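Student: Below: one structure in structure tokens.
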Amino acid sequence: MSKKFKGQRCPYCSEREAVTGDHIFAREFFLPSARANLPQAPTCDKCNNEKSKLEHYLTTVLPFGGRHADASVNLASMVPKRLGKNVRLHRRLIAGQQIVSAPDKEGKFEETIAIPFEGEKLEQLFSMIVRGLVWHHWRVYLADGYAVQTHTVTTHGLHLCENLLFRPNARDRVQGNHGNGTFIYEGAQAIDDPGITVWKFAVYGGLASYEDLPAPESLGSHLISMTGPLAAFARVNREA
Ligand SMILES: [Zn+2]
């Protein structure tokens with residue numbers, strides 16, 4: 001890891017001094033042949049540990065639900081080794097797996113195996129990823145009193161959010177595509193406050209989630225993140 005990040009401020013906590021650099025999207029999400037040019041950010045020890053734990057869980061579990069072709073190769077070639085190192089997680093996945101009838105891309109129902117999934121860990125990791133990207137693209141640190149909120153949305157929810165959140169004017173818009181579509185994102189920054197940003201992510205081509213069956217349009221799960229003053233989120237939450 002490059003020394004250039006050492007001594008810079010860590011964007012994940014906006015507080016402590018970085019000890020090393022961090023791949024904002026962990027290398028393990030990608031096949032070894034698709035890891036070129038991944039964005040990096042400085043990180044302190046504490047945030048690095050916290051993020052690594054989330055990444056360990058998610059690089060093991062996410063390929064099971066991914067629809068991108070690389071997710072199946074990752075599942076076959078790299079996940080068994082990760083599960084071998086984590087017996088407890090392996091047992092938990094086996095104990096919780098069930099056979100569900102789910103629609104494929106054409107809407108035809110097929111039996112498939114679903115595993116239990118801690119969605120809040122995905123949302124936690126993406127809230128960290130967003131802090132990394134805000135720094136990577138704009139060198140902005142989220143100040144005290146600013147927060148990130150991340151939600152998993154269905155395809156239908158994504159269209160709704162796109163209309164509401166991405167339509168207004170923005171100071172800047174950015175996008176990224178890493179590992180030939182393994183991770184795709186778009187971000188926009190507000191005109192009047194560099195700390196107000198909105199993001200959407202597709203991971204492994206959208207993750208299959210079976211909570212909202214049988215509506216086939218609910219199949220593709222995406223993530224939406226927003227950053228902004230904590231007070232704004234508090235108000236939204238109270239009204240919801
Ligand atoms: Zn930190």
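If you're wondering about the labels, chains in the structure tokens are A, B, ... by order shown, residues count from 1 in each chain, ligands from 1 in order shown.
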Could you produce a table of the residues of range 56-151 of chain A lying within 10 Å of range 191-198 of chain A, with the nearest pair of atoms per residue and their separation in Å rounded to one decimal, using only C-alpha atoms, ordered by chain and increasing residue number, as a Markdown table?
Tutor:
```
| residue | atom | partner | partner_atom | distance |
| --- | --- | --- | --- | --- |
| A:Val130 | CA | A:Val198 | CA | 9.0 |
| A:Arg131 | CA | A:Gly195 | CA | 9.9 |
| A:Val134 | CA | A:Thr197 | CA | 7.9 |
| A:Trp138 | CA | A:Pro194 | CA | 8.2 |
| A:Arg139 | CA | A:Pro194 | CA | 9.8 |
| A:Val140 | CA | A:Gly195 | CA | 7.0 |
| A:Tyr141 | CA | A:Gly195 | CA | 7.5 |
| A:Leu142 | CA | A:Gly195 | CA | 5.8 |
| A:Ala143 | CA | A:Gly195 | CA | 7.7 |
| A:Tyr146 | CA | A:Gly195 | CA | 7.5 |
| A:Ala147 | CA | A:Gly195 | CA | 9.3 |
| A:Val148 | CA | A:Thr197 | CA | 9.2 |
| A:Gln149 | CA | A:Val198 | CA | 9.7 |
| A:Thr150 | CA | A:Val198 | CA | 9.8 |
```
Student: To check your reading of the model: which residues sit at most 8 Å from ligand 1 when counting only C-alpha atoms and all ligand atoms? Write the answer as an NGL selection string.
Tutor: :A and (9-18 or 43-48)
Student: Suppose we keep all heavy atoms; can you now write the selection as a tab-separated table (two decimals), in the first residue's frame?
Tutor:
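And here's again-v3.tsv as it stands now:
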```tsv
chain	number	residue	atom	x	y	z
A	9	ARG	N	-5.73	12.93	6.95
A	9	ARG	CA	-6.86	12.68	7.84
A	9	ARG	C	-7.73	11.58	7.24
A	9	ARG	O	-7.90	11.50	6.03
A	9	ARG	CB	-7.67	13.97	8.04
A	9	ARG	CG	-8.76	13.87	9.07
A	9	ARG	CD	-9.03	15.22	9.73
A	9	ARG	NE	-9.25	16.30	8.79
A	9	ARG	CZ	-10.46	16.84	8.52
A	9	ARG	NH1	-11.54	16.38	9.13
A	9	ARG	NH2	-10.58	17.83	7.68
A	10	CYS	N	-8.26	10.72	8.10
A	10	CYS	CA	-9.08	9.58	7.67
A	10	CYS	C	-10.51	10.06	7.35
A	10	CYS	O	-11.17	10.65	8.19
A	10	CYS	CB	-9.11	8.55	8.79
A	10	CYS	SG	-10.37	7.26	8.61
A	11	PRO	N	-10.99	9.85	6.11
A	11	PRO	CA	-12.34	10.33	5.76
A	11	PRO	C	-13.46	9.47	6.35
A	11	PRO	O	-14.62	9.91	6.37
A	11	PRO	CB	-12.36	10.25	4.23
A	11	PRO	CG	-11.35	9.22	3.88
A	11	PRO	CD	-10.32	9.22	4.96
A	12	TYR	N	-13.13	8.28	6.85
A	12	TYR	CA	-14.19	7.42	7.40
A	12	TYR	C	-14.68	7.94	8.75
A	12	TYR	O	-15.84	7.79	9.09
A	12	TYR	CB	-13.70	5.97	7.50
A	12	TYR	CG	-13.35	5.38	6.15
A	12	TYR	CD1	-12.04	5.07	5.82
A	12	TYR	CD2	-14.34	5.18	5.20
A	12	TYR	CE1	-11.72	4.55	4.57
A	12	TYR	CE2	-14.03	4.67	3.94
A	12	TYR	CZ	-12.72	4.36	3.64
A	12	TYR	OH	-12.41	3.86	2.40
A	13	CYS	N	-13.76	8.56	9.51
A	13	CYS	CA	-14.18	9.15	10.79
A	13	CYS	C	-14.05	10.68	10.76
A	13	CYS	O	-14.51	11.37	11.66
A	13	CYS	CB	-13.37	8.56	11.95
A	13	CYS	SG	-11.59	8.79	11.78
A	14	SER	N	-13.41	11.22	9.72
A	14	SER	CA	-13.13	12.66	9.58
A	14	SER	C	-12.35	13.20	10.77
A	14	SER	O	-12.44	14.39	11.08
A	14	SER	CB	-14.43	13.47	9.43
A	14	SER	OG	-15.12	13.11	8.28
A	15	GLU	N	-11.58	12.34	11.46
A	15	GLU	CA	-11.03	12.76	12.73
A	15	GLU	C	-9.57	12.33	12.91
A	15	GLU	O	-8.70	13.17	13.04
A	15	GLU	CB	-11.90	12.12	13.82
A	15	GLU	CG	-11.78	12.73	15.20
A	15	GLU	CD	-12.61	11.92	16.18
A	15	GLU	OE1	-13.85	11.85	15.99
A	15	GLU	OE2	-12.03	11.35	17.11
A	16	ARG	N	-9.32	11.03	12.86
A	16	ARG	CA	-8.00	10.53	13.21
A	16	ARG	C	-7.05	10.56	12.00
A	16	ARG	O	-7.47	10.66	10.86
A	16	ARG	CB	-8.11	9.10	13.75
A	16	ARG	CG	-8.71	9.05	15.14
A	16	ARG	CD	-8.89	7.62	15.62
A	16	ARG	NE	-9.93	6.93	14.91
A	16	ARG	CZ	-11.21	6.91	15.28
A	16	ARG	NH1	-11.59	7.55	16.36
A	16	ARG	NH2	-12.11	6.26	14.57
A	17	GLU	N	-5.77	10.43	12.34
A	17	GLU	CA	-4.74	10.44	11.31
A	17	GLU	C	-4.66	9.06	10.65
A	17	GLU	O	-4.75	8.04	11.33
A	17	GLU	CB	-3.40	10.79	11.97
A	17	GLU	CG	-2.34	11.22	11.01
A	17	GLU	CD	-1.10	11.72	11.75
A	17	GLU	OE1	-1.16	12.84	12.32
A	17	GLU	OE2	-0.11	10.98	11.76
A	18	ALA	N	-4.49	9.04	9.34
A	18	ALA	CA	-4.42	7.77	8.62
A	18	ALA	C	-3.09	7.08	8.87
A	18	ALA	O	-2.05	7.73	8.99
A	18	ALA	CB	-4.63	8.00	7.13
A	43	THR	N	-6.85	5.78	5.64
A	43	THR	CA	-7.68	5.24	6.72
A	43	THR	C	-6.88	5.14	8.02
A	43	THR	O	-5.69	4.86	8.00
A	43	THR	CB	-8.26	3.86	6.36
A	43	THR	OG1	-9.05	3.37	7.44
A	43	THR	CG2	-7.17	2.83	6.09
A	44	CYS	N	-7.56	5.39	9.14
A	44	CYS	CA	-6.93	5.20	10.45
A	44	CYS	C	-7.09	3.73	10.83
A	44	CYS	O	-7.84	2.99	10.19
A	44	CYS	CB	-7.58	6.11	11.50
A	44	CYS	SG	-9.25	5.62	11.98
A	45	ASP	N	-6.40	3.32	11.86
A	45	ASP	CA	-6.42	1.93	12.31
A	45	ASP	C	-7.82	1.45	12.65
A	45	ASP	O	-8.26	0.39	12.24
A	45	ASP	CB	-5.54	1.82	13.56
A	45	ASP	CG	-4.47	0.76	13.36
A	45	ASP	OD1	-4.56	0.04	12.35
A	45	ASP	OD2	-3.57	0.67	14.21
A	46	LYS	N	-8.53	2.29	13.43
A	46	LYS	CA	-9.83	1.88	13.96
A	46	LYS	C	-10.84	1.68	12.81
A	46	LYS	O	-11.54	0.66	12.76
A	46	LYS	CB	-10.32	2.97	14.93
A	46	LYS	CG	-11.53	2.57	15.72
A	46	LYS	CD	-11.69	3.45	16.96
A	46	LYS	CE	-12.91	3.03	17.76
A	46	LYS	NZ	-14.11	3.80	17.40
A	47	CYS	N	-10.91	2.64	11.90
A	47	CYS	CA	-11.85	2.52	10.78
A	47	CYS	C	-11.46	1.36	9.87
A	47	CYS	O	-12.31	0.66	9.34
A	47	CYS	CB	-11.90	3.82	9.98
A	47	CYS	SG	-12.60	5.20	10.93
A	48	ASN	N	-10.14	1.17	9.68
A	48	ASN	CA	-9.66	0.08	8.84
A	48	ASN	C	-10.14	-1.27	9.40
A	48	ASN	O	-10.63	-2.12	8.65
A	48	ASN	CB	-8.13	0.13	8.80
A	48	ASN	CG	-7.56	-0.68	7.64
A	48	ASN	OD1	-8.24	-0.89	6.64
A	48	ASN	ND2	-6.34	-1.13	7.79
```
Student: Within 7 Å of range 172-174 of chain A, counting only C-alpha atoms, which residues qualify if same-chain residues fewer than 2 places away don't, as a list in words?
Tutor: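 Close residues of range 172-174 of chain A: Ala170, Glu186, Gly187, Ala188 and Gln189 of chain A.
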Student: Store the residues of this selection in a file with N, CA and C atoms, as an mmCIF file, in the first residue's frame.
Tutor:
```cif
data_model
loop_
_atom_site.group_PDB
_atom_site.id
_atom_site.type_symbol
_atom_site.label_atom_id
_atom_site.label_comp_id
_atom_site.auth_asym_id
_atom_site.auth_seq_id
_atom_site.Cartn_x
_atom_site.Cartn_y
_atom_site.Cartn_z
ATOM 1 N N ALA A 170 -27.092 19.779 -9.857
ATOM 2 C CA ALA A 170 -26.008 19.398 -8.966
ATOM 3 C C ALA A 170 -24.772 20.214 -9.312
ATOM 4 N N GLU A 186 -23.179 5.926 -9.074
ATOM 5 C CA GLU A 186 -23.311 7.310 -9.507
ATOM 6 C C GLU A 186 -23.464 8.165 -8.272
ATOM 7 N N GLY A 187 -22.883 9.363 -8.300
ATOM 8 C CA GLY A 187 -23.016 10.264 -7.168
ATOM 9 C C GLY A 187 -23.260 11.683 -7.651
ATOM 10 N N ALA A 188 -23.924 12.476 -6.826
ATOM 11 C CA ALA A 188 -24.161 13.880 -7.145
ATOM 12 C C ALA A 188 -23.963 14.704 -5.889
ATOM 13 N N GLN A 189 -23.437 15.929 -6.088
ATOM 14 C CA GLN A 189 -23.132 16.807 -4.960
ATOM 15 C C GLN A 189 -23.991 18.070 -5.067
#
```
Student: Would you list the contacts of Leu133 in chain A as a list in words, taking every protein, DNA or RNA residue within 9 Å and counting only C-alpha atoms, but skipping same-chain residues closer than 4 positions in sequence?
Tutor: Ile24, Pro39, Gln40, Ala41, Met128, Ile129, His137, Trp138, Arg139 and Gly187 of chain A
Student: I'd like the contact shell of Leu62 in chain A - 10 Å cut-off, only C-alpha atoms, skipping same-chain residues fewer than 5 positions apart - returned as a ChimeraX atom specification.
Tutor: /A:29,55,57,71,74-75,79,117,122,203-204,207-208
Student: Give the helix (DSSP H, G or I) residues of chain A, as DSSP finds them on the backbone, and put them as a PyMOL selection string.
Tutor: chain A and resi 3-5+27-29+32-34+45-65+69-77+79-84+87-96+119-138+155-166+216-218+230-239
Student: Go through A:Ala231, A:Val61, A:Ala114, A:Leu160 one by one, measure the shortest atom-to-atom distance of each to Ile99 in chain A using only C-alpha atoms, and give the residue with the smallest value.
Tutor: A:Ala114
Student: Pick from A:Pro229, A:Pro116, A:Gly157, A:Gly176: nearest to Ala95 in chain A, with only C-alpha atoms counted?
Tutor: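 With only C-alpha atoms as the atom set, the closest residue is A:Pro116.
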